[in-house]
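This is data_28.cif. It holds mmCIF, C-alpha atoms.
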data_input
#
loop_
_atom_site.label_atom_id
_atom_site.label_comp_id
_atom_site.auth_asym_id
_atom_site.auth_seq_id
_atom_site.Cartn_x
_atom_site.Cartn_y
_atom_site.Cartn_z
CA MET A 1 19.87 -3.23 -24.44
CA PRO A 2 17.18 -3.04 -21.71
CA ALA A 3 17.64 -5.31 -18.74
CA GLU A 4 15.17 -8.08 -17.99
CA VAL A 5 14.82 -7.02 -14.35
CA SER A 6 15.35 -3.64 -12.72
CA ILE A 7 15.80 -3.62 -8.96
CA ILE A 8 14.16 -0.43 -7.69
CA LEU A 9 15.99 0.98 -4.68
CA PRO A 10 14.98 4.35 -3.15
CA VAL A 11 17.57 5.55 -0.63
CA HIS A 12 17.32 8.05 2.20
CA ASP A 13 19.89 8.01 5.01
CA ALA A 14 20.38 4.24 4.80
CA GLU A 15 24.08 4.08 5.69
CA PRO A 16 23.76 1.43 8.46
CA TRP A 17 22.08 -1.15 6.19
CA LEU A 18 23.23 -0.46 2.63
CA ASP A 19 26.26 -2.75 2.56
CA GLU A 20 24.15 -5.78 3.49
CA CYS A 21 21.36 -4.72 1.12
CA LEU A 22 23.65 -4.23 -1.88
CA ARG A 23 25.57 -7.41 -1.18
CA SER A 24 22.28 -9.27 -1.51
CA VAL A 25 21.82 -7.75 -4.98
CA LEU A 26 25.25 -9.02 -6.01
CA GLN A 27 24.43 -12.52 -4.72
CA GLN A 28 21.29 -13.08 -6.83
CA ASP A 29 21.35 -16.33 -8.79
CA PHE A 30 19.10 -15.03 -11.60
CA GLN A 31 20.70 -15.86 -14.95
CA GLY A 32 19.04 -13.09 -16.96
CA SER A 33 20.18 -9.47 -17.20
CA MET A 34 19.69 -7.22 -14.19
CA GLU A 35 20.18 -3.57 -13.37
CA LEU A 36 20.04 -1.69 -10.09
CA SER A 37 18.24 1.66 -10.18
CA VAL A 38 19.10 3.80 -7.14
CA PHE A 39 17.41 7.12 -6.40
CA ASN A 40 18.87 9.20 -3.59
CA ASP A 41 16.09 11.11 -1.84
CA GLY A 42 18.20 13.83 -0.22
CA SER A 43 20.40 11.65 2.00
CA LYS A 44 22.59 13.51 4.48
CA ASP A 45 24.74 10.55 5.55
CA LYS A 46 27.29 8.49 3.60
CA SER A 47 24.69 6.44 1.72
CA MET A 48 25.82 7.53 -1.73
CA THR A 49 29.48 6.86 -0.96
CA ILE A 50 28.47 3.28 -0.19
CA VAL A 51 26.40 3.08 -3.40
CA GLU A 52 29.34 4.31 -5.49
CA LYS A 53 31.62 1.71 -3.87
CA TRP A 54 29.18 -1.09 -4.69
CA LYS A 55 28.60 0.21 -8.22
CA VAL A 56 32.11 -0.92 -9.14
CA LYS A 57 31.54 -4.42 -7.72
CA LEU A 58 28.08 -4.81 -9.24
CA GLU A 59 29.05 -3.62 -12.72
CA GLY A 60 32.10 -5.87 -12.56
CA SER A 61 29.61 -8.74 -12.19
CA GLY A 62 27.47 -7.59 -15.11
CA ILE A 63 24.80 -5.71 -13.14
CA LEU A 64 24.34 -2.20 -14.51
CA VAL A 65 23.89 0.48 -11.83
CA VAL A 66 21.87 3.62 -12.58
CA ILE A 67 22.04 6.39 -9.99
CA GLY A 68 19.85 9.46 -9.68
CA GLY A 69 18.76 11.74 -6.92
CA HIS A 70 18.54 15.24 -5.50
CA ASN A 71 20.21 17.22 -2.71
CA CYS A 72 17.22 19.25 -1.54
CA PRO A 73 17.09 20.00 2.21
CA SER A 74 14.08 17.72 2.69
CA PRO A 75 13.26 14.33 1.17
CA ARG A 76 10.45 14.25 -1.40
CA GLY A 77 9.01 10.99 -0.05
CA VAL A 78 9.02 7.29 -0.81
CA GLY A 79 6.42 7.52 -3.60
CA TYR A 80 8.43 10.15 -5.46
CA ALA A 81 11.72 8.29 -5.00
CA LYS A 82 10.27 5.02 -6.29
CA ASN A 83 8.70 6.74 -9.30
CA GLN A 84 12.03 8.36 -10.18
CA ALA A 85 13.94 5.12 -9.78
CA ILE A 86 11.46 3.41 -12.11
CA ALA A 87 11.60 6.23 -14.65
CA GLN A 88 15.40 6.01 -14.96
CA SER A 89 15.40 2.20 -15.22
CA SER A 90 14.92 0.02 -18.31
CA GLY A 91 13.93 -3.47 -17.15
CA SER A 92 10.89 -5.34 -18.41
CA TYR A 93 10.20 -6.35 -14.79
CA LEU A 94 10.46 -4.32 -11.60
CA CYS A 95 11.73 -5.78 -8.33
CA PHE A 96 11.15 -3.45 -5.38
CA LEU A 97 13.66 -3.35 -2.56
CA ASP A 98 13.93 -1.19 0.55
CA SER A 99 17.40 -0.01 1.47
CA ASP A 100 17.29 -1.63 4.92
CA ASP A 101 16.15 -5.07 3.70
CA VAL A 102 18.11 -8.06 2.42
CA MET A 103 17.14 -10.34 -0.49
CA MET A 104 17.73 -14.08 -0.46
CA PRO A 105 19.82 -15.23 -3.48
CA GLN A 106 16.87 -16.86 -5.25
CA ARG A 107 14.44 -13.95 -4.89
CA VAL A 108 14.69 -12.38 -8.36
CA ARG A 109 14.73 -15.76 -10.10
CA LEU A 110 11.65 -17.16 -8.38
CA GLN A 111 9.60 -13.99 -8.55
CA HIS A 112 10.53 -13.45 -12.19
CA GLU A 113 9.25 -16.95 -12.97
CA ALA A 114 5.97 -16.20 -11.15
CA ALA A 115 5.57 -12.82 -12.85
CA ALA A 116 6.03 -14.40 -16.27
CA ARG A 117 3.11 -16.73 -15.44
CA HIS A 118 0.99 -13.92 -13.98
CA PRO A 119 1.68 -10.78 -16.04
CA THR A 120 -1.12 -8.69 -14.47
CA SER A 121 -0.36 -9.63 -10.85
CA ILE A 122 1.71 -8.21 -8.05
CA ILE A 123 4.06 -10.97 -6.94
CA GLY A 124 5.00 -11.05 -3.26
CA CYS A 125 6.84 -13.54 -1.09
CA GLN A 126 7.14 -14.74 2.45
CA VAL A 127 9.50 -12.84 4.73
CA ARG A 128 11.76 -13.29 7.72
CA ARG A 129 11.38 -10.44 10.17
CA GLU A 130 14.38 -8.76 11.79
CA PRO A 131 14.46 -8.54 14.80
CA PRO A 132 12.74 -11.97 14.85
CA ASN A 133 10.26 -11.21 17.64
CA SER A 134 9.39 -7.64 16.67
CA THR A 135 5.97 -8.27 15.07
CA GLU A 136 5.22 -11.96 15.48
CA ARG A 137 1.49 -11.97 14.71
CA TYR A 138 1.83 -9.56 11.80
CA THR A 139 4.62 -11.70 10.33
CA ARG A 140 2.48 -14.83 10.62
CA TRP A 141 -0.33 -12.98 8.85
CA ILE A 142 2.00 -11.96 6.01
CA ASN A 143 3.32 -15.47 5.55
CA GLN A 144 0.26 -17.65 6.13
CA LEU A 145 -2.60 -16.12 4.15
CA ALA A 146 -4.12 -18.66 1.79
CA PRO A 147 -4.02 -17.78 -1.93
CA ASP A 148 -7.68 -16.71 -2.02
CA GLN A 149 -7.21 -14.59 1.11
CA LEU A 150 -4.64 -12.46 -0.67
CA LEU A 151 -7.67 -10.87 -2.36
CA THR A 152 -10.46 -11.28 0.15
CA GLN A 153 -8.50 -9.95 3.12
CA VAL A 154 -7.69 -6.62 1.53
CA PHE A 155 -10.17 -5.13 4.02
CA THR A 156 -8.55 -6.59 7.12
CA SER A 157 -5.27 -4.79 7.48
CA HIS A 158 -3.57 -1.42 7.41
CA GLY A 159 -1.73 -2.32 4.23
CA PRO A 160 -1.62 -4.68 1.23
CA THR A 161 -1.83 -8.44 1.71
CA VAL A 162 1.66 -8.76 0.23
CA VAL A 163 3.98 -6.21 1.79
CA MET A 164 5.50 -3.57 -0.45
CA PRO A 165 9.21 -4.49 -0.07
CA THR A 166 8.40 -7.92 -1.55
CA TRP A 167 6.64 -6.61 -4.70
CA PHE A 168 7.66 -7.76 -8.16
CA CYS A 169 5.68 -6.98 -11.33
CA SER A 170 6.00 -6.28 -15.02
CA ARG A 171 6.82 -2.75 -16.10
CA ALA A 172 3.86 -2.84 -18.49
CA TRP A 173 1.44 -3.59 -15.67
CA PHE A 174 2.99 -0.98 -13.38
CA SER A 175 2.57 1.62 -16.12
CA HIS A 176 -1.06 0.58 -16.52
CA VAL A 177 -1.78 1.07 -12.82
CA GLY A 178 0.76 3.63 -11.55
CA PRO A 179 2.55 5.75 -10.72
CA PHE A 180 2.80 5.90 -6.92
CA ASP A 181 1.18 8.79 -5.12
CA GLU A 182 3.81 11.45 -4.42
CA GLY A 183 2.11 13.15 -1.49
CA GLY A 184 5.11 12.43 0.72
CA ARG A 185 5.34 11.61 4.39
CA GLY A 186 2.08 10.42 5.89
CA VAL A 187 0.63 9.14 2.58
CA PRO A 188 0.15 5.34 2.26
CA GLU A 189 1.40 5.23 -1.33
CA ASP A 190 1.68 1.44 -1.38
CA LEU A 191 -1.91 0.93 -0.17
CA LEU A 192 -3.28 3.44 -2.69
CA PHE A 193 -1.38 1.75 -5.53
CA PHE A 194 -2.61 -1.66 -4.32
CA TYR A 195 -6.23 -0.51 -4.38
CA ASP A 196 -5.80 0.90 -7.91
CA HIS A 197 -4.20 -2.38 -8.94
CA LEU A 198 -7.26 -4.30 -7.72
CA ARG A 199 -9.65 -1.84 -9.38
CA ARG A 200 -7.99 -2.62 -12.70
CA GLY A 201 -8.46 -6.34 -12.23
CA GLY A 202 -4.95 -7.13 -11.05
CA GLY A 203 -4.13 -10.33 -9.22
CA VAL A 204 -2.07 -11.03 -6.11
CA VAL A 205 0.35 -13.96 -5.98
CA ARG A 206 2.80 -14.93 -3.26
CA VAL A 207 5.87 -17.11 -3.72
CA ASP A 208 5.72 -19.32 -0.66
CA GLN A 209 9.37 -19.13 0.23
CA SER A 210 11.06 -16.65 2.55
CA LEU A 211 12.88 -14.48 0.03
CA LEU A 212 13.40 -11.30 2.03
CA LEU A 213 14.79 -10.29 5.39
CA TYR A 214 12.22 -7.61 6.24
CA ARG A 215 13.69 -5.26 8.80
CA PHE A 216 11.62 -3.55 11.48
CA ARG A 217 12.71 0.02 12.25
CA PRO A 218 10.75 2.35 14.55
CA GLY A 219 11.79 5.40 12.51
CA ALA A 220 10.76 4.04 9.11
CA ALA A 221 8.53 6.14 6.85
CA THR A 222 5.67 3.66 7.29
CA GLN A 223 5.36 4.72 10.92
CA SER A 224 4.47 8.28 9.91
CA ILE A 225 1.10 7.24 8.47
CA LEU A 226 -1.78 7.97 10.82
CA GLU A 227 -4.25 5.22 11.66
CA SER A 228 -7.08 7.63 10.83
CA THR A 229 -5.68 8.10 7.32
CA ILE A 230 -5.58 4.33 6.74
CA TRP A 231 -9.09 3.97 8.19
CA THR A 232 -10.52 6.55 5.78
CA HIS A 233 -9.01 4.86 2.73
CA ARG A 234 -10.16 1.43 3.87
CA VAL A 235 -13.75 2.49 4.50
CA CYS A 236 -13.94 4.17 1.09
CA PHE A 237 -12.62 1.03 -0.60
CA LEU A 238 -15.03 -1.15 1.38
CA GLU A 239 -17.94 0.99 0.23
CA GLU A 240 -16.78 0.92 -3.37
CA ARG A 241 -16.13 -2.80 -3.61
CA ALA A 242 -18.88 -4.23 -1.43
CA LEU A 243 -21.36 -2.05 0.42
CA ARG A 244 -22.67 -0.08 -2.53
CA HIS A 245 -23.79 -3.36 -4.12
CA TRP A 246 -25.93 -4.34 -1.13
CA ALA A 247 -29.51 -3.19 -0.59
CA THR A 248 -29.20 -3.27 3.22
CA PHE A 249 -26.83 -4.52 5.88
CA THR A 250 -26.42 -4.66 9.65
CA ILE A 251 -23.40 -3.83 11.76
CA TRP A 252 -22.48 -6.39 14.37
CA ASN A 253 -21.34 -4.69 17.57
CA ALA A 254 -23.04 -1.59 18.83
CA GLY A 255 -19.90 -0.44 20.63
CA ARG A 256 -17.40 2.28 19.88
CA GLN A 257 -15.88 0.72 16.75
CA GLY A 258 -19.23 -0.26 15.28
CA ARG A 259 -20.47 3.28 15.70
CA ARG A 260 -17.22 4.59 14.28
CA LEU A 261 -17.77 2.57 11.12
CA TYR A 262 -21.34 3.85 10.88
CA ARG A 263 -20.25 7.48 11.22
CA SER A 264 -17.50 6.94 8.65
CA LEU A 265 -19.87 5.72 5.93
CA SER A 266 -21.09 8.07 3.24
CA GLU A 267 -24.65 9.28 3.67
CA GLY A 268 -26.09 7.03 0.98
CA VAL A 269 -24.44 3.89 2.33
CA ARG A 270 -25.33 4.83 5.91
CA ARG A 271 -29.01 4.70 4.95
CA LYS A 272 -28.58 1.00 4.12
CA VAL A 273 -27.73 0.16 7.74
CA VAL A 274 -30.86 -1.33 9.26
CA ALA A 275 -29.53 -2.36 12.67
CA PHE A 276 -26.68 -2.59 15.09
CA CYS A 277 -26.54 -6.12 16.50
CA ASP A 278 -24.90 -6.98 19.80
CA VAL A 279 -24.89 -9.60 22.54
CA ASP A 280 -24.66 -7.02 25.33
CA LYS A 281 -28.08 -6.97 27.02
CA LYS A 282 -27.54 -3.44 28.32
CA LYS A 283 -26.92 -2.14 24.83
CA ILE A 284 -29.90 -4.05 23.45
CA LYS A 285 -32.16 -2.65 26.17
CA LYS A 286 -31.33 0.92 25.16
CA GLY A 287 -32.82 0.19 21.75
CA PHE A 288 -31.42 3.04 19.68
CA TYR A 289 -28.12 4.78 19.24
CA CYS A 290 -27.71 8.35 18.12
CA TYR A 291 -24.67 8.85 15.94
CA GLU A 292 -24.59 12.64 16.30
CA GLU A 293 -22.17 13.87 18.94
CA SER A 294 -23.61 15.99 21.71
CA GLN A 295 -22.24 19.48 22.13
CA GLU A 296 -22.13 18.89 25.88
CA CYS A 297 -20.11 15.68 25.91
CA ALA A 298 -17.41 14.07 23.85
CA VAL A 299 -19.15 10.74 23.24
CA PRO A 300 -22.31 9.96 21.29
CA LYS A 301 -25.44 10.25 23.42
CA LEU A 302 -27.95 7.47 23.72
CA ARG A 303 -31.42 8.67 22.92
CA PRO A 304 -34.42 7.38 20.99
CA GLN A 305 -33.81 8.80 17.53
CA PRO A 306 -34.40 7.15 14.15
CA SER A 307 -30.85 5.86 13.96
CA PRO A 308 -30.00 2.18 13.43
CA PRO A 309 -31.49 0.24 16.36
CA ALA A 310 -29.35 -1.98 18.54
CA GLY A 311 -31.01 -5.36 18.83
CA LYS A 312 -30.62 -9.06 19.21
CA ALA A 313 -29.90 -11.34 16.32
CA GLU A 314 -33.63 -11.39 15.60
CA ALA A 315 -33.17 -8.01 13.89
CA PRO A 316 -34.45 -8.21 10.30
CA GLY A 317 -32.13 -10.31 8.22
CA ALA A 318 -29.50 -10.64 10.93
CA ARG A 319 -28.18 -13.78 12.49
CA PRO A 320 -25.82 -14.50 15.36
CA ALA A 321 -22.21 -13.53 15.03
CA LEU A 322 -19.67 -16.33 14.89
CA PRO A 323 -18.05 -17.27 18.19
CA SER A 324 -14.68 -15.62 18.27
CA CYS A 325 -11.73 -14.82 20.45
CA PRO A 326 -10.34 -11.30 20.97
CA ALA A 327 -7.85 -11.79 18.14
CA THR A 328 -10.56 -12.63 15.61
CA LEU A 329 -11.79 -10.03 13.16
CA CYS A 330 -15.37 -9.34 12.20
CA HIS A 331 -17.08 -10.65 9.14
CA LEU A 332 -19.05 -9.33 6.20
CA ARG A 333 -21.84 -11.45 4.79
CA GLU A 334 -24.14 -10.80 1.92
CA ALA A 335 -27.85 -11.06 2.57
CA GLY A 336 -30.43 -12.88 0.59
CA PRO A 337 -31.24 -16.46 -0.36
CA HIS A 338 -27.57 -17.33 -0.86
CA ARG A 339 -26.66 -16.59 2.73
CA GLY A 340 -25.00 -19.61 4.27
CA CYS A 341 -25.10 -21.65 1.09
CA THR A 342 -22.29 -24.00 0.24
CA GLY A 343 -23.20 -24.64 -3.37
CA GLY A 344 -23.24 -22.35 -6.40
CA GLN A 345 -22.40 -18.68 -6.20
CA PRO A 346 -24.85 -15.92 -7.08
CA GLU A 347 -23.98 -13.47 -9.78
CA VAL A 348 -23.32 -9.89 -8.73
CA PRO A 349 -22.41 -6.90 -10.84
CA ALA A 350 -18.71 -6.17 -11.06
CA PRO A 351 -17.63 -2.80 -9.65
CA ALA A 352 -16.95 -0.14 -12.24
CA GLY A 353 -13.39 -0.26 -13.51
CA GLY A 354 -12.71 -3.92 -12.82
CA PRO A 355 -14.15 -7.36 -12.09
CA GLY A 356 -15.69 -8.27 -8.76
CA LEU A 357 -13.59 -10.04 -6.17
CA PRO A 358 -14.07 -13.81 -5.88
CA SER A 359 -17.00 -15.28 -4.02
CA LEU A 360 -15.52 -16.98 -0.99
CA GLN A 361 -16.30 -17.74 2.61
CA LEU A 362 -13.56 -17.02 5.10
CA THR A 363 -13.54 -18.36 8.60
CA ALA A 364 -11.85 -16.73 11.59
CA LEU A 365 -9.58 -13.98 10.38
CA SER A 366 -6.58 -13.07 12.47
CA GLY A 367 -6.28 -9.34 12.75
CA HIS A 368 -3.34 -7.10 13.47
CA THR A 369 -3.17 -3.55 14.63
CA GLN A 370 -1.07 -0.78 13.20
CA ALA A 371 0.63 -0.60 16.60
CA GLU A 372 1.70 -4.21 16.16
CA GLN A 373 3.15 -3.46 12.73
CA ARG A 374 5.28 -0.86 14.50
CA GLY A 375 6.31 -3.49 17.03
CA GLU A 376 4.41 -1.88 19.90
CA SER A 377 2.08 -4.78 20.51
CA ASN A 378 1.99 -8.51 19.96
CA CYS A 379 -1.38 -9.22 21.55
CA PRO A 380 -4.35 -7.12 20.47
CA THR A 381 -6.97 -6.88 23.17
CA ALA A 382 -9.95 -5.59 21.25
CA SER A 383 -12.88 -7.94 20.81
CA PRO A 384 -14.59 -8.22 17.46
CA VAL A 385 -17.22 -5.76 16.50
CA GLY A 386 -20.01 -6.71 14.38
CA LEU A 387 -20.80 -7.28 10.83
CA VAL A 388 -23.59 -8.19 8.63
CA VAL A 389 -26.06 -10.46 7.24
CA HIS A 390 -27.97 -9.17 4.42
CA GLY A 391 -24.74 -7.94 4.03
CA SER A 392 -23.21 -7.72 7.42
CA VAL A 393 -20.35 -5.54 8.35
CA SER A 394 -18.28 -6.53 11.32
CA VAL A 395 -15.87 -4.09 12.82
CA SER A 396 -13.19 -4.51 15.42
CA GLN A 397 -10.59 -2.21 16.82
CA ASN A 398 -8.16 -4.22 14.75
CA ALA A 399 -9.82 -3.86 11.37
CA VAL A 400 -12.84 -4.04 9.17
CA SER A 401 -12.79 -7.50 7.67
CA LEU A 402 -14.59 -9.68 5.29
CA GLU A 403 -16.19 -13.09 5.16
CA SER A 404 -18.21 -12.70 2.05
CA TRP A 405 -20.37 -14.92 -0.08
CA CYS A 406 -19.90 -12.51 -2.93
CA PHE A 407 -19.46 -8.80 -3.41
#

Mind turning the file's structure into C-alpha cells?
Amino acid sequence: MPAEVSIILPVHDAEPWLDECLRSVLQQDFQGSMELSVFNDGSKDKSMTIVEKWKVKLEGSGILVVIGGHNCPSPRGVGYAKNQAIAQSSGSYLCFLDSDDVMMPQRVRLQHEAAARHPTSIIGCQVRREPPNSTERYTRWINQLAPDQLLTQVFTSHGPTVVMPTWFCSRAWFSHVGPFDEGGRGVPEDLLFFYDHLRRGGGVVRVDQSLLLYRFRPGAATQSILESTIWTHRVCFLEERALRHWATFTIWNAGRQGRRLYRSLSEGVRRKVVAFCDVDKKKIKKGFYCYEESQECAVPKLRPQPSPPAGKAEAPGARPALPSCPATLCHLREAGPHRGCTGGQPEVPAPAGGPGLPSLQLTALSGHTQAEQRGESNCPTASPVGLVVHGSVSVSQNAVSLESWCF
C-alpha cells in the first residue's frame, strides 16, 4: 500500500546532523501513513550506519524506510540524489528534507493539509535559522514575504521565494514539472525546477509557521553555485516572463550593474532599451554609454555611440525612480496608459506555456546578496540601480527586481 507522504532525504556525508534530522522524522504528529526515502550519494562517513540504526526505530513506529544509493568515488549531485529518492518512494505527496535540517513535529501535517487545498502548488513554510544570526536579513526575507510576493519576487533573489528544504508538493504535480536537473555541483537545480513550475502555471504557498530548523553550513552544496550562473538564469527568466512582452523600456541606473543588465540581455530585447536613467549629473552629462568593451581597457568606454542614452527622468516614457535606501531593490514598471493606475488591470498576453503572473504593485523590496545567503554579509552596501517605466527595469548589485503593473 503506497504511503500518503514520502519524506525525501538525500544524504552525503551527513554524520554530524543525521541523528537530530531522523529524530525529527520520528516525532511527526501526522496521523496518515508516512515513509522515509533515503538515497546515499556516495557518503564516505558513517551516515548509512546511522540511517540503518534509525530504520529500526522508525519502522517500529510504523514509518517505512526505503534506502538506496551508490558507492562511487564522487557524489552525483543533489539533483540526482533527490530524483533517485523520489523514484524509489511511493507516497502521494513528497516532503523534501535536507540531512542537516530538523523538522518541527507539525510540519508534515500542516503542509499536507495545505497541499491538499493547493494541488498544483509548491508548499513552503517559515524557518528558524541555525546559527540564529548567520543570515538575518535573508531569513527575514524568507519568512516575511506577503502571499502575492511569493510570485512577484521571483526576480529578486538568487533562489526560489520558498526555500527548497521546506518544499512539499503532490507527486502528480512533481511528475508534471520535474525531474530535477542532474548537472551536479554548481547547478541550481532547485531554481531551475522552480522556474519550470511557474512556467506550467504552478502556485506558491507558504505555511506561516516556523516548521523547519534550517541550518547554515559554509560547505553546503548551495555554496558551490556561482553568482554568474544564477544571474544568467534570472535574466533569461526575466526576459521570458516580462521583457519580451514590452515594446520598450528604460533601465534606471547607468552604473556598473545597469550596464551589466543591458549587456546580459539578448539582442532583440536589448533593442527595446531606449534609455539609461540616472540621478548622477556627471553620468547624465556624458550623454551616451557604449556597451562594447575596449580592447585597451577592462571597463566599458564612454563615447558617443548609438547606445542607450543616459539621461534625466525626462527621457521618453521615464519617470523618477522611487526614493530608496541602499537595501532597497530596483523596480520594474510597465509603460503605457496604465502606468501608476490604482484601478483596473490591463490585459496582457500570457507567456507561452503558462498563465501570466498576477498584476500587482510592490513597494520597497528588501534585497539580499548571495554572499549573505552564505553568511558572509548581513548588510548589503550596493545602492539600487535603475528600472523602467514603459516597462522599467531596475537593477542593483543585490538583484534584478520587480514592481510591476502587469507582465

Check your understanding: Near Ser43 in chain A, within 10 Å and counting all atoms listed in the file, which residues show up once chain neighbours fewer than 6 positions away are dropped, as a list in words?
Key -> Val11, His12, Asp13, Ala14, Glu15, Gly69, His70, Asn71, Cys72, Pro73, Ser74 and Pro75 of chain A

Check your understanding: CA of Arg263 in chain A and CA of Leu226 in chain A, how far apart in Å?
Key -> 18.5 Å

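For the set A:Glu52, A:Glu4, A:Asp100, A:Glu59, the residue with the smallest atom-to-atom gap to Leu26 in chain A is A:Glu59, counting all atoms listed in the file.
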
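Rounded to one decimal, CA of Pro132 in chain A and CA of Leu212 in chain A lie 12.9 Å from each other.
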
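Interatomic distance, CA of Cys125 in chain A against CA of His112 in chain A: 11.7 Å.
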
Practice item. Spell out the residues picked by the PyMOL selection byres ((chain A and resi 35) around 6) here, as a PyMOL selection string. Key: chain A and resi 6+34+36+63-65

Check your understanding: Can you list what the PyMOL selection byres ((chain A and resi 172-183) around 8) grabs from this structure, as a PyMOL selection string?
Key -> chain A and resi 76-80+82-83+92+119-121+169-171+184-187+189-190+192-193+196-197+200

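Each of A:Lys283, A:Ile8, A:Glu113, A:Arg270 was compared to Met164 in chain A using all atoms listed in the file, and A:Ile8 turns out to be the nearest.
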
**Study point:** Selection dump of the PyMOL selection byres ((chain A and resi 162) around 9), as an MDAnalysis selection string
**Key:** chainID A and resid 122:126 142:143 150 159:161 163:167 204:206

Practice item. Kindly indicate which residue among A:Ser266, A:Gln28, A:Gln257, A:Ser89 lies nearest to Gln111 in chain A, using all atoms listed in the file for the distances. Key: A:Gln28

Check your understanding: Given the choices A:Lys44, A:Arg107, A:Val5, A:Cys95, which gets closest to Asp29 in chain A if the distance is worked out from all atoms listed in the file?
Key -> A:Arg107

Exercise for review: Pick out the closest residue to Val273 in chain A from this set: A:Arg259, A:Arg117, A:Lys46, A:Arg128. Count only C-alpha atoms.
Suggested key: A:Arg259

**Study point:** Among the residues A:Gly201, A:Pro2, A:Gly62, A:Gly42, the one that comes closest to Val25 in chain A [using only C-alpha atoms]
**Key:** A:Gly62
